[in-house]
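Notes for the one structure printed next.
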Number of protein chains: 2
Amino acid sequence: MKIDVCFSPLLYPRYHDPESIVVVTDIFRATTSIVTAFQNGVQSIRPVATVEEARAYKEKGWLVGAERNVRRCDFADFGNSPFDYTPEKVSGRDIVFTTTNGTKAITIARDAYQVVIGAFINLQAVADYCLSYQRDVVVLASGWEDKVNIEDTLYGGALTETLVATGKYQLATDAARITQEMWTTHKNNVRAYLKPTDHYARLLANHLEGSIDYCLSLSLTPKVPQLQVQDDVLLLK
Amino acid sequence: MKIDVCFSPLLYPRYHDPESIVVVTDIFRATTSIVTAFQNGVQSIRPVATVEEARAYKEKGWLVGAERNVRRCDFADFGNSPFDYTPEKVSGRDIVFTTTNGTKAITIARDAYQVVIGAFINLQAVADYCLSYQRDVVVLASGWEDKVNIEDTLYGGALTETLVATGKYQLATDAARITQEMWTTHKNNVRAYLKPTDHYARLLANHLEGSIDYCLSLSLTPKVPQLQVQDDVLLLK
């Protein structure tokens, strides 16, 4: 099997394969928060693309997570910090969720064979999931407003290296090769590697650095949220 | 000033800035061939997007370079090898040129402040050109059918490192940071770095490895071809 890494949602049409598993990632912090919510017992998450949709759900009584430009939207119950999604708040609940970049990437990949949510905190679980299906894999990096970022491509490299190390996966293209080297070079000092990057600065400027170490922790949970599309509504379960 | 690297023509709309200089690159081999043609005295090159346009020019008596999937089109005078563009053939002439990826990237960037043609063989000349204009720079990597490739992003890293080393340029985004590290890590052994990559294999499979060392040679020429748009016709001079 082959693994590839798509560096931006804008590029996804070129990497789309209806027979592949797509692993959507947005390390800081949408997909880390989604995986955390499932670890803490959430029943389902409905990703929506716009703040307006999220607000409409809120007015209908839903629990809503909504973030733009790293800050929680004022009407929302949760922002984009994984620490917002505590067992007390989310266990057994259905949540609506929108973020600057992550939920858009999930929407774009909806026609893949299977879409799952990847983060460093479920790295091994996602690798095991891919191995169990024996299918080609595309990691879709959410990026920042469609531009390439380091933390999401680095996660692509981590999953690439994990799957290639099994001997069952090969690099599909140069894109996977670039990220694999990013990971093997920096895996023992990821925080230092990320310190000069764009989004790290953005989190620091907004006093949100508290969740960085958590977002970079490896394989804390066996949860692999999967996308279901029912009557044109997207649902993570 | 800032330098950024756009990993694919598909991403260019997000990196476009009408005040920036765009450096289009397609190392294997369109932009290396274009720069070589100017070094060998060509008067102008008219980049066209399609084989049909190139064929129409040929029928009107023009000298035409045309390549698809690394092979010369049968009607064309030149393919995509820089060795085709000898002084005997091109000196003082006007040429029409189309390639799989490179000419498309030139067309996409046409509304930038200035579009120039970059390759390893004019690396220092392009850096000096950017420094003389004192403007932000975006390297546009042509990639392969809009997918990310290593050789073009590596060139982005080489130009990034050259400009940042002057103390006058800073990294615009993570994308430039990724390529800068690719270059600083591999600059002393570029051929070995490229050996397992997609396009290297494609060139070898077509017995076109002869031009690889030339395409990877640094700063052989002071020529910096510039795009002019006159009456909606693109012209490199």
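A note on labels: chains of the structure tokens are A, B, ... as shown, every chain counts residues from 1, and ligands are counted from 1 in their shown order.
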
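Close contacts of stretch 38-53 of chain B, defined as residues with an atom at most 7 Å away when counting only C-alpha atoms, with chain neighbours fewer than 6 positions off set aside, comprise Ala66, Thr86, Pro87, Val90, Ser91, Gly92, Arg93, Asp94, Ile95, Val96, Phe97, Thr98, Thr103, Lys104, Thr221, Lys223, Leu234, Leu235, Leu236 and Lys237 of chain B.
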
Include N, CA and C atoms and write out the residues we just selected as a PDB file, in the first residue's frame.
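See result_6.pdb below for the written result:
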ATOM      1  N   ALA B  66       8.569  21.917 -27.355  1.00  0.00           N
ATOM      2  CA  ALA B  66       7.322  21.366 -26.818  1.00  0.00           C
ATOM      3  C   ALA B  66       7.592  20.002 -26.197  1.00  0.00           C
ATOM      4  N   THR B  86      21.066  25.058 -28.039  1.00  0.00           N
ATOM      5  CA  THR B  86      22.461  25.435 -28.299  1.00  0.00           C
ATOM      6  C   THR B  86      22.528  26.830 -28.917  1.00  0.00           C
ATOM      7  N   PRO B  87      23.685  27.499 -28.789  1.00  0.00           N
ATOM      8  CA  PRO B  87      23.838  28.816 -29.425  1.00  0.00           C
ATOM      9  C   PRO B  87      23.554  28.744 -30.929  1.00  0.00           C
ATOM     10  N   VAL B  90      19.655  28.692 -31.266  1.00  0.00           N
ATOM     11  CA  VAL B  90      18.740  29.678 -30.666  1.00  0.00           C
ATOM     12  C   VAL B  90      19.232  31.120 -30.711  1.00  0.00           C
ATOM     13  N   SER B  91      20.508  31.336 -30.978  1.00  0.00           N
ATOM     14  CA  SER B  91      21.034  32.699 -30.873  1.00  0.00           C
ATOM     15  C   SER B  91      20.285  33.660 -31.808  1.00  0.00           C
ATOM     16  N   GLY B  92      19.766  34.729 -31.227  1.00  0.00           N
ATOM     17  CA  GLY B  92      19.062  35.749 -31.999  1.00  0.00           C
ATOM     18  C   GLY B  92      17.660  35.378 -32.415  1.00  0.00           C
ATOM     19  N   ARG B  93      17.186  34.198 -32.006  1.00  0.00           N
ATOM     20  CA  ARG B  93      15.871  33.717 -32.460  1.00  0.00           C
ATOM     21  C   ARG B  93      14.765  33.981 -31.422  1.00  0.00           C
ATOM     22  N   ASP B  94      13.528  33.939 -31.889  1.00  0.00           N
ATOM     23  CA  ASP B  94      12.340  33.965 -31.025  1.00  0.00           C
ATOM     24  C   ASP B  94      11.736  32.558 -31.021  1.00  0.00           C
ATOM     25  N   ILE B  95      11.434  32.065 -29.854  1.00  0.00           N
ATOM     26  CA  ILE B  95      11.007  30.667 -29.712  1.00  0.00           C
ATOM     27  C   ILE B  95       9.656  30.602 -29.002  1.00  0.00           C
ATOM     28  N   VAL B  96       8.856  29.621 -29.373  1.00  0.00           N
ATOM     29  CA  VAL B  96       7.630  29.288 -28.637  1.00  0.00           C
ATOM     30  C   VAL B  96       7.913  28.038 -27.814  1.00  0.00           C
ATOM     31  N   PHE B  97       7.346  27.969 -26.601  1.00  0.00           N
ATOM     32  CA  PHE B  97       7.753  26.909 -25.672  1.00  0.00           C
ATOM     33  C   PHE B  97       6.554  26.455 -24.849  1.00  0.00           C
ATOM     34  N   THR B  98       6.349  25.154 -24.780  1.00  0.00           N
ATOM     35  CA  THR B  98       5.327  24.621 -23.874  1.00  0.00           C
ATOM     36  C   THR B  98       5.854  23.353 -23.217  1.00  0.00           C
ATOM     37  N   THR B 103       5.334  25.917 -18.021  1.00  0.00           N
ATOM     38  CA  THR B 103       4.712  27.067 -18.687  1.00  0.00           C
ATOM     39  C   THR B 103       3.365  27.405 -18.051  1.00  0.00           C
ATOM     40  N   LYS B 104       2.703  26.415 -17.489  1.00  0.00           N
ATOM     41  CA  LYS B 104       1.451  26.669 -16.771  1.00  0.00           C
ATOM     42  C   LYS B 104       1.698  27.557 -15.544  1.00  0.00           C
ATOM     43  N   THR B 221      25.211  31.149 -14.794  1.00  0.00           N
ATOM     44  CA  THR B 221      24.912  32.246 -15.710  1.00  0.00           C
ATOM     45  C   THR B 221      24.292  33.440 -14.971  1.00  0.00           C
ATOM     46  N   LYS B 223      22.030  35.343 -16.339  1.00  0.00           N
ATOM     47  CA  LYS B 223      20.763  35.660 -17.006  1.00  0.00           C
ATOM     48  C   LYS B 223      19.559  35.458 -16.070  1.00  0.00           C
ATOM     49  N   LEU B 234       2.108  36.606 -23.562  1.00  0.00           N
ATOM     50  CA  LEU B 234       3.227  36.474 -22.631  1.00  0.00           C
ATOM     51  C   LEU B 234       4.527  36.346 -23.404  1.00  0.00           C
ATOM     52  N   LEU B 235       5.554  37.016 -22.899  1.00  0.00           N
ATOM     53  CA  LEU B 235       6.846  36.968 -23.551  1.00  0.00           C
ATOM     54  C   LEU B 235       7.938  36.991 -22.484  1.00  0.00           C
ATOM     55  N   LEU B 236       8.873  36.076 -22.591  1.00  0.00           N
ATOM     56  CA  LEU B 236      10.058  36.101 -21.722  1.00  0.00           C
ATOM     57  C   LEU B 236      11.176  36.787 -22.457  1.00  0.00           C
ATOM     58  N   LYS B 237      11.846  37.706 -21.737  1.00  0.00           N
ATOM     59  CA  LYS B 237      12.965  38.434 -22.347  1.00  0.00           C
ATOM     60  C   LYS B 237      14.117  38.544 -21.356  1.00  0.00           C
TER      61      LYS B 237
END

Residues of chain A no more than 10 Å from chain B, counting only C-alpha atoms: send them over as a count of residues only.
37

Taking 6 positions as the minimum chain separation for residues in the same chain, which residues sit within 10 Å of B:Tyr129 when counting only C-alpha atoms? Answer as a ChimeraX atom specification.
/B:21,116,123,135,222-224

Print the selection's residues with C-alpha atoms to a file, as a PDB file, in the first residue's frame.
ATOM      1  CA  ILE B  21       8.397  39.290  -7.369  1.00  0.00           C
ATOM      2  CA  VAL B 116      11.230  35.885 -13.395  1.00  0.00           C
ATOM      3  CA  LEU B 123      20.508  30.975  -8.438  1.00  0.00           C
ATOM      4  CA  ARG B 135      10.616  43.528  -2.760  1.00  0.00           C
ATOM      5  CA  PRO B 222      23.924  35.853 -14.863  1.00  0.00           C
ATOM      6  CA  LYS B 223      20.763  35.660 -17.006  1.00  0.00           C
ATOM      7  CA  VAL B 224      17.397  36.319 -15.329  1.00  0.00           C
TER       8      VAL B 224
END

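In terms of minimum interatomic distance to A:Val115, A:Asp17 ranks closest within A:Asp152, A:Asp17, A:Asp74, A:Glu161, counting only C-alpha atoms.
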
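Every protein, DNA or RNA residue with an atom at most 10 Å from B:Ala119, where only C-alpha atoms count and chain neighbours fewer than 6 positions away do not, is listed here: Val23, Val24, Thr25, Asp26, Ile27, Phe28, Arg29, Ala30, Thr31, Thr32, Ser33, Ile34, Val35, Thr36, Ala125, Val126, Asp152, Tyr155, Gly156, Ala158, Leu159, Cys215, Leu216, Ser217, Leu218, Ser219 and Val224 of chain B.
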
Could you state the separation of atom CA of B:Tyr85 and atom CA of B:Gln124 in Å, given to one decimal place?
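For atom CA of B:Tyr85 relative to atom CA of B:Gln124, the distance reads 21.6 Å.
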
Once DSSP has gone over the backbone, tell me which residues of stretch 99-215 of chain A are in strand (DSSP E), as a PyMOL selection string.
chain A and resi 114-118+137-141+170-171

Could the residues in this selection be saved with C-alpha atoms as a short mmCIF file (atom, residue, chain, number, x, y, z; two decimals), in the first residue's frame?
data_model
loop_
_atom_site.label_atom_id
_atom_site.label_comp_id
_atom_site.auth_asym_id
_atom_site.auth_seq_id
_atom_site.Cartn_x
_atom_site.Cartn_y
_atom_site.Cartn_z
CA GLN A 114 -13.21 6.59 4.67
CA VAL A 115 -12.33 9.82 6.48
CA VAL A 116 -10.80 9.59 9.93
CA ILE A 117 -9.49 12.18 12.36
CA GLY A 118 -5.78 12.12 13.10
CA VAL A 137 -3.75 6.43 2.83
CA VAL A 138 -3.72 10.17 2.21
CA VAL A 139 -2.99 12.50 5.11
CA LEU A 140 -4.82 15.79 4.53
CA ALA A 141 -3.04 18.62 6.35
CA GLN A 170 5.55 2.77 0.57
CA LEU A 171 5.85 6.48 -0.12
#

Just how far from atom CA of A:Pro225 is atom CA of A:Tyr200, in Å to one decimal?
25.4 Å

So the first atom is atom CA of B:Phe75 and the second is atom CA of B:Leu203; what is the distance between them in Å, to one decimal place?
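Spanning atom CA of B:Phe75 to atom CA of B:Leu203 is a straight-line distance of 21.0 Å.
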